[in-house]
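Undergrad: My structure is below; once you've seen it, I'll send some questions.
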Amino acid sequence: IAKHEAILALRDVDTGKPIIGHRGSVYWNDYRKRWVMIFCETFGTSVLGEIWYAEAHRPEGPWVWARKIVTHDKYSFYNPKQHPTFDREGGRTIFFEGTYTATFSGNQAKTPWYDYNQIMYKLDLDDERLNLPVAFYRQSGSSIPCEFDRVKQLDAPANDRAIEFWALKRGGPDTVAVFQDQTETGATCLRVGKTQTGDDASPLFFGLSAEIDEARASTVGLYEFRHTDGRTAYAVENDGSLPTGFERSAKPICMVWGHPLRRSLHPVD
């Protein structure tokens, strides 16, 4: 199969670089309300000592955007295993262990007393660096992509929905809030910053500002496509699925993360 047909499409959330996963473990986390994967990378900045964090809405994925949480300089740390029994604060703090050894690393200076032993790490899931993008699906069955939401909020039935893009649920550095709103003609639209009425509606998602000088290599522009009849559509690109008459905006409304898989797994409620 081709790379974009694989179930695992792990990528560095900052650089977009593909990650070759080795071993890991997956557990449900009550604090994040998502499945959490702690896994080891093979042939990263060390041969077998890089540990990554990823999330998904179901145990089989899709697993895509990940953050490196542990690195070792010329040492191995593999077969990481979470221990939910030790979770604190409802899963906000989690613990995982792995095998710490000079084997496979090429390092001749073994750490006294610790080499080829199990080392436990603690991880705070409230750290802003673990603010990872989540998948957004098209809300309606229309051919015009203008309403989006996460799996839990999708209207039924939710099968056969393709992921349109990935975005943040929480704000952070260089992010902008994106709201679902309506145009003057009553068409559904997305607005950056606030709604037209200025009410207290919650943001649909957060994207990275399109105004920053250097966008992350992993992100893509989310563009507005406007029809002559006033309808709007939103996509990271026009793949030919939009009807004729839609014209793309000159600049993206914000930066989001694309979806490297050809097909998405069926979402569940």
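Chain labels A, B, ... are given in the sequence in which chains occur in the structure tokens; within each chain residues are numbered consecutively from 1, and ligands are likewise numbered from 1 in the order shown.
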Write out, as a Markdown table, each residue of range 116-230 of chain A that has an atom at most 12 Å from range 81-101 of chain A, together with the closest pair of atoms and their distance in Å to one decimal, counting only C-alpha atoms, rows going by chain and rising number.
TA:
```
| residue | atom | partner | partner_atom | distance |
| --- | --- | --- | --- | --- |
| A:Tyr116 | CA | A:Thr101 | CA | 4.4 |
| A:Asn117 | CA | A:Tyr100 | CA | 5.5 |
| A:Gln118 | CA | A:Thr99 | CA | 4.7 |
| A:Ile119 | CA | A:Glu97 | CA | 5.3 |
| A:Met120 | CA | A:Glu97 | CA | 4.2 |
| A:Tyr121 | CA | A:Phe96 | CA | 5.4 |
| A:Lys122 | CA | A:Phe95 | CA | 4.6 |
| A:Leu123 | CA | A:Ile94 | CA | 5.3 |
| A:Asp124 | CA | A:Thr93 | CA | 4.6 |
| A:Leu125 | CA | A:Arg92 | CA | 5.2 |
| A:Asp126 | CA | A:Arg92 | CA | 6.4 |
| A:Asp127 | CA | A:Arg92 | CA | 9.5 |
| A:Leu130 | CA | A:Arg92 | CA | 11.5 |
```
Undergrad: Would you put the residues from that selection into a file with N, CA, C and O atoms, as a PDB file, in the first residue's frame?
TA:
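Once everything was written out, this is out35.pdb:
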```
ATOM      1  N   TYR A 116      19.912  -0.965  31.483  1.00  0.00           N
ATOM      2  CA  TYR A 116      18.998  -2.084  31.291  1.00  0.00           C
ATOM      3  C   TYR A 116      18.052  -2.243  32.469  1.00  0.00           C
ATOM      4  O   TYR A 116      17.772  -3.344  32.956  1.00  0.00           O
ATOM      5  N   ASN A 117      17.527  -1.106  32.911  1.00  0.00           N
ATOM      6  CA  ASN A 117      16.512  -1.070  33.955  1.00  0.00           C
ATOM      7  C   ASN A 117      15.288  -0.333  33.433  1.00  0.00           C
ATOM      8  O   ASN A 117      15.332   0.278  32.362  1.00  0.00           O
ATOM      9  N   GLN A 118      14.218  -0.391  34.185  1.00  0.00           N
ATOM     10  CA  GLN A 118      12.993   0.332  33.826  1.00  0.00           C
ATOM     11  C   GLN A 118      13.013   1.707  34.492  1.00  0.00           C
ATOM     12  O   GLN A 118      13.257   1.819  35.703  1.00  0.00           O
ATOM     13  N   ILE A 119      12.734   2.738  33.699  1.00  0.00           N
ATOM     14  CA  ILE A 119      12.683   4.108  34.192  1.00  0.00           C
ATOM     15  C   ILE A 119      11.251   4.614  34.048  1.00  0.00           C
ATOM     16  O   ILE A 119      10.618   4.433  33.014  1.00  0.00           O
ATOM     17  N   MET A 120      10.732   5.265  35.100  1.00  0.00           N
ATOM     18  CA  MET A 120       9.371   5.800  35.089  1.00  0.00           C
ATOM     19  C   MET A 120       9.413   7.305  34.856  1.00  0.00           C
ATOM     20  O   MET A 120      10.226   8.029  35.435  1.00  0.00           O
ATOM     21  N   TYR A 121       8.509   7.780  33.988  1.00  0.00           N
ATOM     22  CA  TYR A 121       8.360   9.206  33.734  1.00  0.00           C
ATOM     23  C   TYR A 121       6.956   9.660  34.129  1.00  0.00           C
ATOM     24  O   TYR A 121       5.992   8.890  34.053  1.00  0.00           O
ATOM     25  N   LYS A 122       6.847  10.933  34.512  1.00  0.00           N
ATOM     26  CA  LYS A 122       5.567  11.564  34.819  1.00  0.00           C
ATOM     27  C   LYS A 122       5.299  12.624  33.763  1.00  0.00           C
ATOM     28  O   LYS A 122       6.203  13.360  33.366  1.00  0.00           O
ATOM     29  N   LEU A 123       4.036  12.723  33.291  1.00  0.00           N
ATOM     30  CA  LEU A 123       3.696  13.663  32.234  1.00  0.00           C
ATOM     31  C   LEU A 123       2.437  14.430  32.611  1.00  0.00           C
ATOM     32  O   LEU A 123       1.405  13.840  32.932  1.00  0.00           O
ATOM     33  N   ASP A 124       2.509  15.768  32.570  1.00  0.00           N
ATOM     34  CA  ASP A 124       1.378  16.639  32.849  1.00  0.00           C
ATOM     35  C   ASP A 124       0.657  16.932  31.537  1.00  0.00           C
ATOM     36  O   ASP A 124       1.186  17.637  30.671  1.00  0.00           O
ATOM     37  N   LEU A 125      -0.561  16.419  31.377  1.00  0.00           N
ATOM     38  CA  LEU A 125      -1.298  16.589  30.129  1.00  0.00           C
ATOM     39  C   LEU A 125      -1.866  17.995  29.975  1.00  0.00           C
ATOM     40  O   LEU A 125      -2.405  18.326  28.919  1.00  0.00           O
ATOM     41  N   ASP A 126      -1.746  18.833  30.997  1.00  0.00           N
ATOM     42  CA  ASP A 126      -2.217  20.210  30.892  1.00  0.00           C
ATOM     43  C   ASP A 126      -1.131  21.133  30.339  1.00  0.00           C
ATOM     44  O   ASP A 126      -1.379  22.331  30.163  1.00  0.00           O
ATOM     45  N   ASP A 127       0.027  20.592  30.056  1.00  0.00           N
ATOM     46  CA  ASP A 127       1.104  21.381  29.471  1.00  0.00           C
ATOM     47  C   ASP A 127       0.668  21.890  28.107  1.00  0.00           C
ATOM     48  O   ASP A 127       0.168  21.126  27.279  1.00  0.00           O
ATOM     49  N   LEU A 130       1.220  20.144  24.778  1.00  0.00           N
ATOM     50  CA  LEU A 130       0.423  18.981  24.393  1.00  0.00           C
ATOM     51  C   LEU A 130      -0.953  19.396  23.862  1.00  0.00           C
ATOM     52  O   LEU A 130      -1.876  18.582  23.809  1.00  0.00           O
TER      53      LEU A 130
END
```
Undergrad: Extract the full set of helix (DSSP H, G or I) residues from range 60-200 of chain A according to DSSP on the backbone, and format it as a list of chain:residue names.
TA: A:Pro84, A:Thr85, A:Phe86, A:Glu89, A:Gly90, A:Gly91, A:Glu128, A:Arg129, A:Leu130, A:Val151, A:Lys152, A:Gln153
Undergrad: With distances taken over only C-alpha atoms, which residue among A:Glu55, A:Asp115, A:Asp181, A:Asp174 lies nearest Arg216 in chain A?
TA: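 Closest to Arg216 in chain A of all the choices is A:Asp174.
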Undergrad: Counting only C-alpha atoms, which of A:Gly230, A:Gly21, A:Gly106, A:Gly16 gets nearest to Trp52 in chain A?
TA: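 That would be A:Gly21, the residue with the smallest distance to Trp52 in chain A.
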Undergrad: Where does DSSP see strand (DSSP E) in range 18-200 of chain A, if you list the residues as number ranges by chain?
TA: A: 21-29, 34-41, 50-56, 63-70, 76-82, 93-101, 117-124, 134-138, 148-149, 163-167, 175-182, 188-192
Undergrad: With only C-alpha atoms as the counted atoms, please give the residues lying no more than 7 Å from Thr188 in chain A, apart from itself and same-chain residues fewer than 6 positions off, as a count of residues only.
TA: 4
Undergrad: Using only C-alpha atoms, which residue out of A:Val256, A:Ile212, A:Ala109, A:Ala217 lies closest to Lys169 in chain A?
TA: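 For Lys169 in chain A, the nearest of the candidates is A:Val256.
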Undergrad: Pick from A:Gly49, A:Gly61, A:Gly193, A:Pro112: nearest to Val134 in chain A, with only C-alpha atoms counted?
TA: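 Under the stated criterion, the closest residue is A:Gly61.
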Undergrad: Could you list, as a ChimeraX atom specification, every residue within 7 Å of Arg34 in chain A, counting only C-alpha atoms and ignoring same-chain residues fewer than 6 positions away?
TA: /A:28,55-57
Undergrad: Please produce an output containing N, CA, C and O atoms for each residue in the selection, written as a short mmCIF file (atom, residue, chain, number, x, y, z; two decimals), in the first residue's frame.
TA:
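Resulting contents of out_24.cif:
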```cif
data_model
loop_
_atom_site.label_atom_id
_atom_site.label_comp_id
_atom_site.auth_asym_id
_atom_site.auth_seq_id
_atom_site.Cartn_x
_atom_site.Cartn_y
_atom_site.Cartn_z
N TRP A 28 -7.33 4.86 27.36
CA TRP A 28 -8.29 5.95 27.46
C TRP A 28 -7.86 6.89 28.58
O TRP A 28 -7.39 6.44 29.64
N GLU A 55 -2.90 11.58 20.30
CA GLU A 55 -4.26 11.35 20.77
C GLU A 55 -5.16 10.98 19.59
O GLU A 55 -4.89 11.34 18.44
N ALA A 56 -6.25 10.26 19.90
CA ALA A 56 -7.24 9.93 18.88
C ALA A 56 -8.59 9.74 19.56
O ALA A 56 -8.67 9.49 20.77
N HIS A 57 -9.69 9.83 18.77
CA HIS A 57 -11.02 9.71 19.36
C HIS A 57 -11.47 8.26 19.48
O HIS A 57 -12.53 7.99 20.04
#
```
Undergrad: With only C-alpha atoms as the basis for distance, which of A:Asn107, A:Thr183, A:Thr42, A:Ser249 is at the shortest distance from His22 in chain A?
TA: A:Thr42
Undergrad: Which residues are near Ser202 in chain A? Cut-off 10 Å, only C-alpha atoms, ignore same chain within fewer than 6 positions. Put them as a PyMOL selection string.
TA: chain A and resi 177-180+194-195
Undergrad: Please, could you write that set of residues out with N, CA and C atoms as a short mmCIF file (atom, residue, chain, number, x, y, z; two decimals), in the first residue's frame?
TA:
```cif
data_model
loop_
_atom_site.label_atom_id
_atom_site.label_comp_id
_atom_site.auth_asym_id
_atom_site.auth_seq_id
_atom_site.Cartn_x
_atom_site.Cartn_y
_atom_site.Cartn_z
N ALA A 177 -9.24 32.46 17.28
CA ALA A 177 -10.50 31.75 17.48
C ALA A 177 -11.33 31.82 16.20
N VAL A 178 -11.93 30.69 15.83
CA VAL A 178 -12.78 30.63 14.63
C VAL A 178 -14.19 30.22 15.06
N PHE A 179 -15.18 31.06 14.69
CA PHE A 179 -16.57 30.85 15.07
C PHE A 179 -17.40 30.46 13.85
N GLN A 180 -18.43 29.67 14.08
CA GLN A 180 -19.41 29.41 13.03
C GLN A 180 -20.48 30.48 13.11
N LYS A 194 -14.43 36.92 16.16
CA LYS A 194 -15.71 37.04 16.84
C LYS A 194 -16.83 36.86 15.83
N THR A 195 -18.05 36.64 16.36
CA THR A 195 -19.20 36.50 15.48
C THR A 195 -19.70 37.87 15.04
#
```
Undergrad: Which residues are close to range 223-225 of chain A, i.e. within 7 Å by only C-alpha atoms, leaving aside same-chain residues fewer than 4 positions away? Reply as an mmCIF file with N, CA and C atoms, in the first residue's frame.
TA:
```cif
data_model
loop_
_atom_site.group_PDB
_atom_site.id
_atom_site.type_symbol
_atom_site.label_atom_id
_atom_site.label_comp_id
_atom_site.auth_asym_id
_atom_site.auth_seq_id
_atom_site.Cartn_x
_atom_site.Cartn_y
_atom_site.Cartn_z
ATOM 1 N N THR A 232 -20.944 30.089 0.967
ATOM 2 C CA THR A 232 -19.523 29.981 1.287
ATOM 3 C C THR A 232 -19.155 28.528 1.502
ATOM 4 N N ALA A 233 -17.916 28.212 1.211
ATOM 5 C CA ALA A 233 -17.363 26.883 1.462
ATOM 6 C C ALA A 233 -15.951 27.065 1.995
ATOM 7 N N TYR A 234 -15.440 26.046 2.702
ATOM 8 C CA TYR A 234 -14.115 26.150 3.316
ATOM 9 C C TYR A 234 -13.349 24.858 3.090
ATOM 10 N N ALA A 235 -12.121 24.997 2.639
ATOM 11 C CA ALA A 235 -11.297 23.825 2.353
ATOM 12 C C ALA A 235 -9.838 24.238 2.331
ATOM 13 N N VAL A 236 -8.958 23.262 2.529
ATOM 14 C CA VAL A 236 -7.529 23.547 2.456
ATOM 15 C C VAL A 236 -7.079 23.625 1.001
ATOM 16 N N PHE A 246 -17.575 28.885 -7.454
ATOM 17 C CA PHE A 246 -16.919 29.243 -6.196
ATOM 18 C C PHE A 246 -15.533 29.817 -6.489
ATOM 19 N N GLU A 247 -15.234 30.948 -5.877
ATOM 20 C CA GLU A 247 -13.938 31.590 -6.069
ATOM 21 C C GLU A 247 -13.200 31.644 -4.741
ATOM 22 N N ARG A 248 -11.943 31.250 -4.744
ATOM 23 C CA ARG A 248 -11.143 31.178 -3.515
ATOM 24 C C ARG A 248 -10.670 32.550 -3.079
ATOM 25 N N SER A 249 -10.654 32.767 -1.755
ATOM 26 C CA SER A 249 -10.122 34.009 -1.208
ATOM 27 C C SER A 249 -8.623 34.093 -1.459
ATOM 28 N N LYS A 251 -6.269 35.111 0.575
ATOM 29 C CA LYS A 251 -5.502 34.661 1.732
ATOM 30 C C LYS A 251 -6.343 33.686 2.545
ATOM 31 N N PRO A 252 -5.700 32.746 3.234
ATOM 32 C CA PRO A 252 -6.456 31.827 4.102
ATOM 33 C C PRO A 252 -7.012 32.565 5.309
ATOM 34 N N ILE A 253 -8.109 32.054 5.866
ATOM 35 C CA ILE A 253 -8.658 32.668 7.070
ATOM 36 C C ILE A 253 -7.793 32.324 8.279
#
```
